[in-house]
Each structure stands twice: as structure tokens, then as C-alpha cells.
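**Student:** To start, I am sharing the structure in question, which I have written as C-alpha cells.
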Protein chains: 2
Amino acid sequence: MTSFTEENYLKIIYKLSAETDSEISTNAVAELTQTKAASVTDMLRKLSEKQLVIYQKYQGVRLTKKGETVALKVIRKHRLWEVFLVDKLGFNWDEVHEIAEELEHINSDKLVQQLDEFLGFPQFDPHGDPIPDKHGRMPESAYKNLSEILINQEVVMMGVAQHSTNFLQYLAKIGLHLGVNIYIVEINDFDKSLTIKIEGSTQCFISYEVAKNLLVKSISMDED
Amino acid sequence: MTSFTEENYLKIIYKLSAETDSEISTNAVAELTQTKAASVTDMLRKLSEKQLVIYQKYQGVRLTKKGETVALKVIRKHRLWEVFLVDKLGFNWDEVHEIAEELEHINSDKLVQQLDEFLGFPQFDPHGDPIPDKHGRMPESAYKNLSEILINQEVVMMGVAQHSTNFLQYLAKIGLHLGVNIYIVEINDFDKSLTIKIEGSTQCFISYEVAKNLLVKSISMDED
DNA sequence: ATATTTTTTTAGATTTGTCTAAAATTGATT
DNA sequence: AATCAATTTTAGACAAATCTAAAAAAATAT
Ligand SMILES: [Mn+2]
Ligand SMILES: [Mn+2]
Ligand SMILES: [Mn+2]
Ligand SMILES: [Mn+2]
């Protein structure tokens, strides 16, 4: 069995692994778990004994196949619950993450299976993040960051790469929500900031930092 | 804040208090929490410091108003989640208790409120137990035990007073499920065992012990 | 190649919830 | 009232997850 705490460590190591393909450092884990490096060292040794990670001291850590499976299950539950909260209970997408952090540790294969079916086997969560299927396979995400899109090419807002409440509420304020059509009017050479046109709304100005965190898909792609 | 563990103690003390109106003994709590008396003593002192119970050593324990409020919130969540699992996810009523034991500790007032609304503000859980409203008020349960019903008086099966998987599966086997109409054919004077007729099924023979644990309402009562 | 800084690990302590074994209290029985 | 039995509490220990401070190792700069 994996405890609540162990699951959180595994999930965080999984997410860090997606960004860098080398070993994950103790400090990087400490930052995301909001603990101190000394605590991480203890936990890594423990996870290693349980064969959930490969860890040798001073060498960083990575998940074993077994550890990855656990992490994907937790991520799957997290994202399914977020869909439930938004689609069924009427939550806003900036309100669901904290609750899903608790719900993701409820253990029952049947519960996850039935919830998935009840939600209509969603492929993406309310933030546009892909939901692993029951075998841990991620759906192909054809989304790009807005920062990679060309001027005047119309795209649909599909998700965000960063989930802080601050960021989500900023998006709400400037009128950016899932499903809205947008295109880039102008890119500022100097700092890569951009002016965009939001369908049914006025133009607005966003930083490169924001554009990097917006997931969009081309309007021409098929819709199902 | 109350921890997962503290909440379980409070819930158990609440349930024991409903049966006896004197102080609850350390041993009684130990039995239901599946811990040892020594552990209970420690926890009672802690709950007492937090003003959640009235406790003096060797004198037993009872809930304060504050403790009762916490207990009722946990019970409310437990029962709402059971309704969700049965009504929305298609679980059988004998499969939901363990999962609800975990879900009942998720903390979010908005979650509970929205869930309640999503389920249509149910008054009773799948086992016929009353669901406290958001102010902690229990709906009037007009149900009686089958053991108090007269011969030939038709009643509807509304719930059970005991939730063990064993018992629920026994009921399933003899064809007793929620909503079915039954009446008592004969009561055996010697041991109070009884023969009952289940609508659309054959007669069957049940012990007094079983009858005491079946909640029913008179067929004449109004239906909404 | 050494010295300095940063990162990581170890050592030892703390908190929460549990346990066993022994002591204390209560309640029941002579 | 004294004894015995049952219940409850205390004392001391342990596992999980965390911390701080010090030591060790690795990375970086001189
Ligand atoms: Mn989330
Ligand atoms: Mn998400
Ligand atoms: Mn239950
Ligand atoms: Mn129930």
C-alpha cells in the first residue's frame, strides 16, 4: 500500500520528470512538496525500498515503472474529480484543484471506473490537461502554447499549463475562458509580449509569460 | 481543525450517545474505533482540551455542542456520498460504506452544499438512515422496526438498522431490497421469529434479530 | 588544484496516533 | 468492610512524517 504522503511524492516526481529527462533533485522535490530537503531524503530512501523509485544518494531520483503506475493513477483520479466538480457540481475551474488534491487519494478501482463512465470518459480535465485512461495511457494532446502560434491564425483556447488561482482569475478578468476563439494581432519583438483579439470582446495585451501558459488548438482541426 | 482520526472518534461517540443517554465508556469507544482502551484515553483527553467532548477520567465521555456539530457534519457527508455512489454511480448499497468512510473526511463546505443540491436534497441514505441538513437537523424518520409491526399489516421496506456487508447480502439473497412491500404472516411466540410474505416472491422465515434490524413504513403513509 | 558555495545527507528531536504492560480506580461479591 | 474482578489510566515505547542544525559531498569559482 502507498500512503497519502507517498502518493504525493510520486505524483510530484512524475510531474518533474515530464519537464527534465534527467534525474530529479532532492531540492526540486522539496520545493513542490513544501517540505525540507532532509524530509525528502528520508522519503526517497523509503520509496526506494518499496521499489517505487530509483534512488542513490547524491544522484537524484526517478520513478520505476511501478512508481509511474501509482503516479498515473493518482493523476487520473485528480483530473476525473476535477471534471466532476466542474461539469456536475457547477464549480468554476479555479476552485477545484484543492478539493481534487484530497479526492485523488480515495482508493477504489470501481469508484474510479464508475466515475469515469458517469462523466462520459472525458479525455481532458477542466484545465485542458490530459486524463490517463485506466491503463495509464495519456490521450494525445494536440494542443500548443499560444506562444508558438503565428499572427492572425485563429485558435481555440483549450487549457492552461499553470493552475494557480491567481492566474486563472486573471484569465477570467481579461475574458479568456475555455472554448473561446482568439488570434494574435501583433507580437512585440522586444519582449515577445502580444496583442490578441478575443472573439466577442475587445483586444487585449498579454505578456509572453502568459502566452506560454495558454494551451490552444487550431480552428481547422476536427472537433470531436 | 479536526483531523481525520479525531473526526472518527467524534462520529463514534455520537453514534454511541444515540443508544444510551448516559456517559460513553472508554471500552465502548475502543471497540468501535478498533483501537485499545489506552489509545482512547489519550484521544479523549485531547478532544477534551479542544472542547469537543466533556471528559473526566473514569467518568466516561459525551460530546459538547461543538463536538456534536462536527460529528453531524461528518455523518452528513458520509450519507450524501453514499447516495451519490448508489444513485449516480450505480453502486449496490452493500458496496458503499467503506468508500464513504474515506469520502466523509473531505473538507469543503461548498462541495457538500453542491453535492446535496446535485442529489436533489435527499433526506435518507441508501440504508434508510436520515441525512442531517446543513444546520445539523435530522429529518423526522417515521420508520419502525419490522419487529414492532402487527400481523397482516402491509409495510414497505425503507432501510436497515445495521450495515454489515454480511447482513446486506443476506437480505439480497432472501429477496429483501429497499421499496419492496411485505407483511407478516405469522409470529412464533417462542422465539419471536417470523414468517413474512415478500411481494412478488415466496414467503420466507426470518429471526427476531433480523426483524429488529429492518426499517419499514406503513403502506398507508403518504409517499412523497 | 584549492577554496568557496551549494546541495544533499545524517543526527537527533518533535508530533500524532498507536501499542503493551503495569498501576490505579471503580464496582461487585462476599 | 475487605477482597476480587473489571475497567480505566499511566508509563514508556514505537512508526510515520516532519523539522533544525551539523556534517559530508558535489559543483563552481578562483
Ligand atoms: Mn488540479
Ligand atoms: Mn487540472
Ligand atoms: Mn455507511
Ligand atoms: Mn448508510
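By order of appearance in the C-alpha cells: chains A, B, ..., then residues from 1 within every chain, and ligands from 1 in the order shown.
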Mind the document's chain letters and residue numbers, and return as a PyMOL selection string the residues of region 13-209 of chain B that DSSP labels strand (DSSP E).

**Tutor:** chain B and resi 53-55+61-63+144-145+155-160+181-187+194-198+203-206

**Student:** Could you save the residues just selected, with C-alpha atoms, as a compact mmCIF listing (two decimals), in the first residue's frame?

**Tutor:**
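Listed below is the output, out-v1.txt:
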```txt
# COMPACT_ATOMS: atom_id res chain seq x y z
CA VAL B 53 -16.09 16.49 24.46
CA ILE B 54 -16.77 16.57 28.17
CA TYR B 55 -14.41 14.10 29.75
CA VAL B 61 -17.31 10.91 27.85
CA ARG B 62 -20.01 12.83 25.97
CA LEU B 63 -19.96 15.36 23.15
CA LYS B 144 -40.36 1.50 12.53
CA ASN B 145 -38.60 -1.78 13.06
CA VAL B 155 -45.43 -2.19 5.02
CA VAL B 156 -42.65 -1.00 2.70
CA MET B 157 -39.05 -1.83 3.35
CA MET B 158 -37.25 1.51 3.91
CA GLY B 159 -33.91 0.74 5.47
CA VAL B 160 -31.74 -1.24 7.81
CA ASN B 181 -43.80 -4.45 0.05
CA ILE B 182 -44.01 -7.03 2.80
CA TYR B 183 -46.34 -8.22 5.53
CA ILE B 184 -46.02 -10.58 8.47
CA VAL B 185 -47.82 -13.90 8.03
CA GLU B 186 -47.10 -15.37 11.41
CA ILE B 187 -45.12 -14.71 14.57
CA LEU B 194 -41.48 -14.64 11.96
CA THR B 195 -42.75 -15.73 8.59
CA ILE B 196 -43.15 -12.88 6.13
CA LYS B 197 -44.56 -12.56 2.62
CA ILE B 198 -42.45 -10.56 0.20
CA GLN B 203 -42.84 -16.47 1.86
CA CYS B 204 -39.77 -16.59 3.98
CA PHE B 205 -38.74 -17.18 7.53
CA ILE B 206 -36.59 -14.69 9.47
```

**Student:** Could you list, as a PyMOL selection string, all protein and nucleic acid residues with an atom at most 8 Å from ligand 3, counting only C-alpha atoms (C1' of nucleotides) and all ligand atoms?

**Tutor:** chain B and resi 78-79+82+96-98+100-101+127+163

**Student:** Residues of chain A within 8 Å of chain B, using only C-alpha atoms, as a ChimeraX atom specification?

**Tutor:** /A:88-90,99,102-103,106-108,111,114-115,118

**Student:** For the residues in the current selection, export C-alpha atoms as a PDB file, in the first residue's frame.

**Tutor:**
```
ATOM      1  CA  LYS A  88     -21.647  18.052 -12.458  1.00  0.00           C
ATOM      2  CA  LEU A  89     -21.428  20.278  -9.401  1.00  0.00           C
ATOM      3  CA  GLY A  90     -21.097  23.634 -11.155  1.00  0.00           C
ATOM      4  CA  ILE A  99     -10.527  19.703  -3.409  1.00  0.00           C
ATOM      5  CA  GLU A 102      -7.896  15.428  -1.361  1.00  0.00           C
ATOM      6  CA  LEU A 103     -10.216  13.364  -3.546  1.00  0.00           C
ATOM      7  CA  ILE A 106      -9.602   7.873  -2.309  1.00  0.00           C
ATOM      8  CA  ASN A 107      -8.872   4.255  -3.135  1.00  0.00           C
ATOM      9  CA  SER A 108     -11.394   2.201  -5.030  1.00  0.00           C
ATOM     10  CA  LEU A 111     -15.205   4.102  -7.895  1.00  0.00           C
ATOM     11  CA  GLN A 114     -17.789   4.224 -12.486  1.00  0.00           C
ATOM     12  CA  LEU A 115     -16.913   7.889 -12.140  1.00  0.00           C
ATOM     13  CA  PHE A 118     -20.567   8.692 -15.367  1.00  0.00           C
TER      14      PHE A 118
END
```

**Student:** Give me, as a ChimeraX atom specification, the residues of region 3-224 of chain B that a backbone DSSP run labels helix (DSSP H, G or I).

**Tutor:** /B:4-19,26-33,37-49,65-88,97-103,109-118,146-148,165-173,208-212

**Student:** Do me a favour and pick out the residues of chain C within 8 Å of chain B, using only C-alpha atoms (C1' of nucleotides), as a count of residues only.

**Tutor:** 5

**Student:** May I ask which of the residues B:Met1, B:Leu80, B:Leu47, B:Ala28 is the closest one to ligand 4, counting only C-alpha atoms and all ligand atoms?

**Tutor:**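 Using only C-alpha atoms and all ligand atoms, ligand 4 sits closest to B:Leu80.
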
**Student:** Counting only C-alpha atoms (C1' of nucleotides), collect the residues of chain D whose closest atom lies at most 8 Å from chain B, and write them out as number ranges by chain.

**Tutor:** D: 7-9

**Student:** Would you put the residues from that selection into a file with C-alpha atoms (C1' of nucleotides), as a compact mmCIF listing (two decimals), in the first residue's frame?

**Tutor:**
```
# COMPACT_ATOMS: atom_id res chain seq x y z
C1' DT D 7 -12.34 -1.07 33.70
C1' DT D 8 -9.53 2.74 33.00
C1' DT D 9 -5.41 5.33 33.25
```

**Student:** Name all residues at most 12 Å from DA21 (chain D) (count only C-alpha atoms (C1' of nucleotides); drop same-chain ones fewer than 2 positions away) and give them as a VMD selection string.

**Tutor:** (chain A and resid 38) or (chain C and resid 10 to 13) or (chain D and resid 19 23)

**Student:** Hey, what's within 12 Å of DG12 (chain D) if we count only C-alpha atoms (C1' of nucleotides) and toss same-chain stuff fewer than 6 positions away? As number ranges by chain, please?

**Tutor:** C: 19-22

**Student:** Just the residues within 12 Å of DT30 (chain D), please, counting only C-alpha atoms (C1' of nucleotides), with nothing from its chain fewer than 4 positions along; format it as a CSV table (one decimal) with N, CA, C and O atoms (P, O5', C5', C4', C3', O3' and C1' of nucleotides), in the first residue's frame.

**Tutor:**
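part.csv was written with the following content:
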```
chain,number,residue,atom,x,y,z
C,1,DA,P,45.5,19.3,-10.7
C,1,DA,O5',45.9,20.7,-10.2
C,1,DA,C5',47.0,20.7,-9.2
C,1,DA,C4',46.6,21.6,-8.1
C,1,DA,C3',46.0,20.9,-6.9
C,1,DA,O3',46.5,21.6,-5.7
C,1,DA,C1',44.4,22.4,-7.7
C,2,DT,P,46.5,21.1,-4.2
C,2,DT,O5',45.6,22.2,-3.5
C,2,DT,C5',45.0,23.2,-4.3
C,2,DT,C4',44.6,24.4,-3.6
C,2,DT,C3',43.9,24.2,-2.2
C,2,DT,O3',44.1,25.4,-1.5
C,2,DT,C1',42.3,24.8,-3.9
C,3,DA,P,43.4,25.6,-0.1
C,3,DA,O5',42.1,26.5,-0.4
C,3,DA,C5',42.3,27.7,-1.1
C,3,DA,C4',40.9,28.4,-1.4
C,3,DA,C3',40.0,28.4,-0.1
C,3,DA,O3',39.4,29.7,-0.1
C,3,DA,C1',38.9,27.3,-1.9
C,4,DT,P,38.4,30.1,1.1
C,4,DT,O5',37.0,30.1,0.3
C,4,DT,C5',36.8,30.9,-0.9
C,4,DT,C4',35.4,30.5,-1.5
C,4,DT,C3',34.3,30.6,-0.4
C,4,DT,O3',33.3,31.4,-0.9
C,4,DT,C1',34.2,28.5,-1.7
```

**Student:** Could you give me, as a list in words, the residues within 10 Å of Asp191 (chain B), counting only C-alpha atoms (C1' of nucleotides) and dropping anything in the same chain fewer than 4 positions from it?

**Tutor:**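 Everything that qualifies: Ile187, Ser207, Tyr208 and Glu209 of chain B.
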
**Student:** If you measure from CA of Thr2 (chain B) to CA of Gln56 (chain B), what distance in Å do you get, rounded to one decimal?

**Tutor:**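 CA of Thr2 (chain B) sits 20.7 Å away from CA of Gln56 (chain B).
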
**Student:** Can you measure CA of Phe190 (chain A) to CA of Leu168 (chain A) for me? One decimal in Å is fine.

**Tutor:** 26.1 Å

**Student:** Grab the CA of Ile149 (chain A) to CA of Ala161 (chain A) distance for me, in Å with one decimal place.

**Tutor:** 15.4 Å

**Student:** Using only C-alpha atoms and all ligand atoms, find the one residue out of A:Val216, A:Val86, A:Val70, A:Leu32 that sits nearest to ligand 2.

**Tutor:**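 Under the stated criterion, the closest residue is A:Val86.
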
**Student:** For DA27 (chain D), please output as a VMD selection string all residues within 10 Å (counting only C-alpha atoms (C1' of nucleotides); exclusion window: fewer than 2 positions along the same chain).

**Tutor:** (chain C and resid 5 to 7) or (chain D and resid 25 29)
